[in-house]
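Have a look at the structure below before the remarks.
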Amino acid sequence: MAVQTQTKIPVVDFSDENLKPGTASWLKVRNDVCRALEEYGCFAAELGNKFPLELHEAIFGAAQELFDFPTETKEKVTSEKLFHGYVASPLRERMMIDNATSPQVIRKLTNIFWPNGNDHVRESADAYVKKMTELDEMVTRMVFENYGAEKYYDSHLELTSRTLSLLRYKKHQKDGNNEGIKTHTDKHFTTILHQNRVRGLEVKTKDGEWIGFDPSPSSFLFLAGDALQVWSNDRIQASLHRVMLVENEERYSLGTFAFHEGTIHVPEELIDEKHPLQYNPFNNNEYAKAQVALIQKEISLKSFCGVNC
Ligand SMILES: O=C(O)CCC(=O)C(=O)O
Ligand SMILES: [Fe+2]
């Protein structure tokens with residue numbers, strides 16, 4: 001009898017304490033990362049003991065405390081960017097904090113909720129963003145190296161800003177819509193998602209199959225965004241994903257988004273006969289503004305900066 005194997009999100013093991021550039025384990029992980037990104041546009045990064053359970057509990061405890069404040073308090077979390085800051089919609093609430101690597105930004109956030117400060121929440125958020133930055137930098141370095149484009153890595157990093165997103169979703173709705181977030185690709189370079197134990201996050205494979213992410217405290221879903229698709233000249237496709245409200249419990253999710261503030265040019269190392277240039281120079285801020293202007297109808301990457309459009 002033929003055995004049906006279910007497609008799963010590839011898991012890449014980052015738990016080795018000696019995962020340093022140039023080592024055999026680095027090269028193995030780099031290969032796993034790039035194969036997964038090319039095949040699925042995403043992978044689950046398993047951090048093991050590198051991500052302490054206490055930090056997982058502290059950061060989700062903090063997220064719950066923040067969302068439990070009255071709406072008037074949450075609405076004080078604002079941003080110049082449209083749809084950043086605090087935004088509530090029927091099935092979810094979100095806080096998007098730009099420049100989250102800055103301790104001043106996190107201090108300002110905690111002071112909105114606790115005017116005398118809250119060291120535990122502030123320190124947990126700082127430690128969380130630091131861990132996510134380390135993971136993102138490691139993966140990005142691996143990707144740049146893999147395609148022989150490491151000389152662009154430092155300048156890319158200098159132009160990278162990071163946004164922290166906190167999300168709370170309603171439980172499964174008995175009647176009605178359970179699409180917590182509709183199918184989309186992320187518009188920036190890379191995303192790292194981390195969640196509580198409530199399932200719901202799904203990614204679409206190239207064959208059109210939806211596969212779920214199995215949450216665990218030390219597991220992080222790493223996704224390629226549109227900007228990485230441009231940079232890689234279509235070798236890596238941005239991951240299509242969505243959230244379905246499937247459980248009878250609220251779902252919390254944290255996202256760390258890496259955003260390239262400059263203009264992305266496809267590195268010449270990624271252009272050859274098999275991979276002719278696909279994109280004109282891409283400005284992520286302009287792209288984000290164009291998306292917001294259309295709101296409901298997403299603008300496609302190809303129509304925004306494809307060379308043949
Ligand atoms: O809730 C999640 O885990 C997904 C969030 C997401 O896709 C997004 O913020 O772009
Ligand atoms: Fe997303």
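Convention: chains lettered A, B, ... in structure tokens order; per-chain residue numbering from 1; ligands numbered from 1 as shown.
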
So which residues are near ligand 1, meaning at most 7 Å away with only C-alpha atoms and all ligand atoms counted, given back as a compact mmCIF listing (two decimals) with C-alpha atoms, in the first residue's frame?
# COMPACT_ATOMS: atom_id res chain seq x y z
CA SER A 165 4.75 43.19 15.82
CA LEU A 167 -0.68 40.17 17.58
CA ILE A 181 -5.04 37.09 8.38
CA ASP A 186 5.25 40.05 3.64
CA LEU A 193 7.29 34.62 13.57
CA HIS A 194 6.99 33.14 17.03
CA GLN A 195 3.77 32.17 18.72
CA LEU A 201 -0.36 29.76 11.02
CA HIS A 241 0.97 32.55 4.36
CA ARG A 242 -2.21 33.11 6.34
CA VAL A 243 -3.69 32.57 9.79
CA SER A 253 1.99 35.85 17.73
CA LEU A 254 5.15 37.95 17.67
CA GLY A 255 6.72 39.04 14.41

Listing only residues of range 127-230 of chain A within 12 Å of range 73-89 of chain A, what is the closest atom pair and its distance in Å (to one decimal) for each, using only C-alpha atoms, sorted by chain and residue number ascending, as a tab-separated table?
residue	atom	partner	partner_atom	distance
A:Thr163	CA	A:His84	CA	9.3
A:Leu164	CA	A:His84	CA	10.1
A:Ser165	CA	A:His84	CA	8.8
A:Leu166	CA	A:Tyr86	CA	9.3
A:Leu167	CA	A:Ala88	CA	9.7
A:Arg168	CA	A:Ala88	CA	9.5
A:Tyr169	CA	A:Ser89	CA	9.6
A:Lys170	CA	A:Ser89	CA	10.3
A:Glu179	CA	A:Ser89	CA	11.9
A:Gly180	CA	A:Ser89	CA	9.6
A:Ile181	CA	A:Ser89	CA	10.3

Any chance you can output those residues with C-alpha atoms as an mmCIF file, in the first residue's frame?
data_model
loop_
_atom_site.group_PDB
_atom_site.id
_atom_site.type_symbol
_atom_site.label_atom_id
_atom_site.label_comp_id
_atom_site.auth_asym_id
_atom_site.auth_seq_id
_atom_site.Cartn_x
_atom_site.Cartn_y
_atom_site.Cartn_z
ATOM 1 C CA THR A 163 9.859 46.282 13.520
ATOM 2 C CA LEU A 164 8.356 44.250 16.333
ATOM 3 C CA SER A 165 4.751 43.192 15.820
ATOM 4 C CA LEU A 166 2.540 41.842 18.603
ATOM 5 C CA LEU A 167 -0.682 40.169 17.580
ATOM 6 C CA ARG A 168 -3.636 38.780 19.458
ATOM 7 C CA TYR A 169 -6.297 36.816 17.586
ATOM 8 C CA LYS A 170 -9.780 35.854 18.693
ATOM 9 C CA GLU A 179 -9.535 33.966 8.477
ATOM 10 C CA GLY A 180 -7.359 35.708 11.087
ATOM 11 C CA ILE A 181 -5.041 37.092 8.383
#

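Shell of range 42-51 of chain A at 8 Å, with only C-alpha atoms counted and residues fewer than 5 places along the chain excluded, is Ile9, Pro10, Val11, Val12, Asp13, Phe14, Ser15, Glu17, Val33, Ala36, Leu37, His56, Lys131, Phe213, Ser218, Ser219, Phe220, Leu221, Phe222, Leu223, Ala224 and Ser239 of chain A.
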
Using the selection just defined, write its residues with N, CA and C atoms as a PDB file, in the first residue's frame.
ATOM      1  N   ILE A   9       6.671  21.770   6.881  1.00  0.00           N
ATOM      2  CA  ILE A   9       7.596  22.900   6.785  1.00  0.00           C
ATOM      3  C   ILE A   9       8.984  22.377   7.178  1.00  0.00           C
ATOM      4  N   PRO A  10      10.029  22.612   6.351  1.00  0.00           N
ATOM      5  CA  PRO A  10      11.340  22.083   6.729  1.00  0.00           C
ATOM      6  C   PRO A  10      11.836  22.714   8.031  1.00  0.00           C
ATOM      7  N   VAL A  11      12.490  21.894   8.848  1.00  0.00           N
ATOM      8  CA  VAL A  11      13.023  22.376  10.124  1.00  0.00           C
ATOM      9  C   VAL A  11      14.537  22.479   9.986  1.00  0.00           C
ATOM     10  N   VAL A  12      15.107  23.614  10.382  1.00  0.00           N
ATOM     11  CA  VAL A  12      16.566  23.775  10.345  1.00  0.00           C
ATOM     12  C   VAL A  12      17.048  23.967  11.780  1.00  0.00           C
ATOM     13  N   ASP A  13      18.050  23.173  12.136  1.00  0.00           N
ATOM     14  CA  ASP A  13      18.531  23.132  13.519  1.00  0.00           C
ATOM     15  C   ASP A  13      19.648  24.172  13.743  1.00  0.00           C
ATOM     16  N   PHE A  14      19.341  25.178  14.552  1.00  0.00           N
ATOM     17  CA  PHE A  14      20.320  26.228  14.869  1.00  0.00           C
ATOM     18  C   PHE A  14      20.867  26.069  16.283  1.00  0.00           C
ATOM     19  N   SER A  15      20.640  24.912  16.906  1.00  0.00           N
ATOM     20  CA  SER A  15      20.911  24.822  18.343  1.00  0.00           C
ATOM     21  C   SER A  15      22.397  24.666  18.679  1.00  0.00           C
ATOM     22  N   GLU A  17      25.899  25.335  19.695  1.00  0.00           N
ATOM     23  CA  GLU A  17      26.504  26.514  20.335  1.00  0.00           C
ATOM     24  C   GLU A  17      27.661  27.061  19.500  1.00  0.00           C
ATOM     25  N   VAL A  33      19.295  26.014   4.980  1.00  0.00           N
ATOM     26  CA  VAL A  33      18.527  27.269   4.935  1.00  0.00           C
ATOM     27  C   VAL A  33      18.199  27.627   3.488  1.00  0.00           C
ATOM     28  N   ALA A  36      15.781  25.231   1.749  1.00  0.00           N
ATOM     29  CA  ALA A  36      14.405  25.428   2.240  1.00  0.00           C
ATOM     30  C   ALA A  36      13.812  26.716   1.668  1.00  0.00           C
ATOM     31  N   LEU A  37      14.607  27.795   1.643  1.00  0.00           N
ATOM     32  CA  LEU A  37      14.072  29.064   1.132  1.00  0.00           C
ATOM     33  C   LEU A  37      13.737  28.938  -0.352  1.00  0.00           C
ATOM     34  N   HIS A  56      10.553  32.942  26.537  1.00  0.00           N
ATOM     35  CA  HIS A  56       9.287  32.679  25.825  1.00  0.00           C
ATOM     36  C   HIS A  56       8.113  33.053  26.740  1.00  0.00           C
ATOM     37  N   LYS A 131      17.615  38.571  20.431  1.00  0.00           N
ATOM     38  CA  LYS A 131      17.693  37.175  19.942  1.00  0.00           C
ATOM     39  C   LYS A 131      17.225  37.082  18.490  1.00  0.00           C
ATOM     40  N   PHE A 213       2.104  25.342  10.700  1.00  0.00           N
ATOM     41  CA  PHE A 213       3.317  25.486  11.521  1.00  0.00           C
ATOM     42  C   PHE A 213       3.008  24.907  12.897  1.00  0.00           C
ATOM     43  N   SER A 218      10.704  26.948  21.353  1.00  0.00           N
ATOM     44  CA  SER A 218      12.040  27.238  20.802  1.00  0.00           C
ATOM     45  C   SER A 218      12.052  27.203  19.275  1.00  0.00           C
ATOM     46  N   SER A 219      10.872  27.249  18.665  1.00  0.00           N
ATOM     47  CA  SER A 219      10.787  27.166  17.201  1.00  0.00           C
ATOM     48  C   SER A 219      10.248  28.471  16.605  1.00  0.00           C
ATOM     49  N   PHE A 220      10.867  28.904  15.508  1.00  0.00           N
ATOM     50  CA  PHE A 220      10.562  30.211  14.903  1.00  0.00           C
ATOM     51  C   PHE A 220      10.351  30.018  13.411  1.00  0.00           C
ATOM     52  N   LEU A 221       9.269  30.587  12.890  1.00  0.00           N
ATOM     53  CA  LEU A 221       9.058  30.451  11.447  1.00  0.00           C
ATOM     54  C   LEU A 221       9.756  31.614  10.741  1.00  0.00           C
ATOM     55  N   PHE A 222      10.723  31.265   9.909  1.00  0.00           N
ATOM     56  CA  PHE A 222      11.480  32.274   9.153  1.00  0.00           C
ATOM     57  C   PHE A 222      10.891  32.343   7.750  1.00  0.00           C
ATOM     58  N   LEU A 223      10.485  33.554   7.327  1.00  0.00           N
ATOM     59  CA  LEU A 223       9.828  33.706   6.017  1.00  0.00           C
ATOM     60  C   LEU A 223      10.592  34.669   5.120  1.00  0.00           C
ATOM     61  N   ALA A 224      10.686  34.334   3.838  1.00  0.00           N
ATOM     62  CA  ALA A 224      11.226  35.285   2.858  1.00  0.00           C
ATOM     63  C   ALA A 224      10.122  36.270   2.500  1.00  0.00           C
ATOM     64  N   SER A 239       7.203  33.912   0.762  1.00  0.00           N
ATOM     65  CA  SER A 239       6.276  32.882   1.259  1.00  0.00           C
ATOM     66  C   SER A 239       4.843  33.412   1.340  1.00  0.00           C
TER      67      SER A 239
END

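Taking CA of Asp68 in chain A and CA of Asn177 in chain A as endpoints, the distance between them is 23.5 Å.
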
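The coordinates place CA of Gln291 in chain A at 24.6 Å from CA of Trp210 in chain A.
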
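Relative to CA of Asp16 in chain A, CA of Asn146 in chain A is found at 19.7 Å.
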
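Comparing A:Pro115, A:Pro276, A:Pro70, A:Gly61 by their smallest distance to Arg235 in chain A, the closest is A:Pro276 (using only C-alpha atoms).
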
### Query
Would you give me, as a ChimeraX atom specification, the residues in range 117-197 of chain A that DSSP reads as strand (DSSP E)?
/A:160-169,179-184,190-195

### Message
Which residues are near Ser300 in chain A? Cut-off 10 Å, only C-alpha atoms, ignore same chain within fewer than 3 positions. Put them as a ChimeraX atom specification.
### Response
/A:226,287,291,297,303-306

### Message
If you run DSSP on the backbone here, which positions in range 31-147 of chain A get helix (DSSP H, G or I)? Please write them as JSON, numbers by chain.
### Response
{"A": [31, 32, 33, 34, 35, 36, 37, 38, 39, 40, 48, 49, 50, 53, 54, 55, 56, 57, 58, 59, 60, 61, 62, 63, 64, 65, 66, 67, 71, 72, 73, 74, 103, 104, 105, 106, 107, 108, 109, 110, 111, 112, 113, 119, 120, 121, 122, 123, 124, 125, 126, 127, 128, 129, 130, 131, 132, 133, 134, 135, 136, 137, 138, 139, 140, 141, 142, 143, 144, 145, 146]}

Which neighbours of Val143 in chain A fall inside 10 Å, counting only C-alpha atoms, when residues of the same chain fewer than 5 positions from it are skipped, and could you give them as a PDB file with N, CA and C atoms, in the first residue's frame?
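Output saved as out.pdb:
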ATOM      1  N   ARG A  30      23.766  26.453   6.458  1.00  0.00           N
ATOM      2  CA  ARG A  30      23.607  27.394   5.329  1.00  0.00           C
ATOM      3  C   ARG A  30      22.952  26.688   4.137  1.00  0.00           C
ATOM      4  N   ASN A  31      23.415  25.492   3.883  1.00  0.00           N
ATOM      5  CA  ASN A  31      22.846  24.720   2.782  1.00  0.00           C
ATOM      6  C   ASN A  31      21.372  24.381   3.053  1.00  0.00           C
ATOM      7  N   VAL A  33      19.295  26.014   4.980  1.00  0.00           N
ATOM      8  CA  VAL A  33      18.527  27.269   4.935  1.00  0.00           C
ATOM      9  C   VAL A  33      18.199  27.627   3.488  1.00  0.00           C
ATOM     10  N   CYS A  34      19.196  27.592   2.637  1.00  0.00           N
ATOM     11  CA  CYS A  34      18.979  28.080   1.262  1.00  0.00           C
ATOM     12  C   CYS A  34      18.132  27.109   0.463  1.00  0.00           C
ATOM     13  N   LEU A  37      14.607  27.795   1.643  1.00  0.00           N
ATOM     14  CA  LEU A  37      14.072  29.064   1.132  1.00  0.00           C
ATOM     15  C   LEU A  37      13.737  28.938  -0.352  1.00  0.00           C
ATOM     16  N   GLU A 137      20.238  38.035  11.431  1.00  0.00           N
ATOM     17  CA  GLU A 137      21.555  38.380  10.863  1.00  0.00           C
ATOM     18  C   GLU A 137      22.284  37.119  10.399  1.00  0.00           C
ATOM     19  N   MET A 138      22.156  36.069  11.188  1.00  0.00           N
ATOM     20  CA  MET A 138      22.841  34.824  10.841  1.00  0.00           C
ATOM     21  C   MET A 138      22.288  34.267   9.517  1.00  0.00           C
ATOM     22  N   GLY A 148      27.341  33.964  -3.206  1.00  0.00           N
ATOM     23  CA  GLY A 148      28.585  34.663  -3.545  1.00  0.00           C
ATOM     24  C   GLY A 148      28.443  36.172  -3.484  1.00  0.00           C
ATOM     25  N   ALA A 149      27.528  36.669  -2.655  1.00  0.00           N
ATOM     26  CA  ALA A 149      27.259  38.109  -2.603  1.00  0.00           C
ATOM     27  C   ALA A 149      27.560  38.669  -1.211  1.00  0.00           C
ATOM     28  N   GLU A 150      28.515  38.028  -0.501  1.00  0.00           N
ATOM     29  CA  GLU A 150      28.766  38.447   0.890  1.00  0.00           C
ATOM     30  C   GLU A 150      29.320  39.861   0.994  1.00  0.00           C
ATOM     31  N   TYR A 153      26.846  42.307   2.284  1.00  0.00           N
ATOM     32  CA  TYR A 153      26.142  42.003   3.537  1.00  0.00           C
ATOM     33  C   TYR A 153      26.233  43.168   4.542  1.00  0.00           C
ATOM     34  N   LEU A 228      13.288  40.205  -0.386  1.00  0.00           N
ATOM     35  CA  LEU A 228      14.292  39.150  -0.585  1.00  0.00           C
ATOM     36  C   LEU A 228      14.080  38.460  -1.942  1.00  0.00           C
ATOM     37  N   SER A 232      17.073  38.313  -4.580  1.00  0.00           N
ATOM     38  CA  SER A 232      17.565  37.009  -5.041  1.00  0.00           C
ATOM     39  C   SER A 232      17.250  36.784  -6.524  1.00  0.00           C
TER      40      SER A 232
END
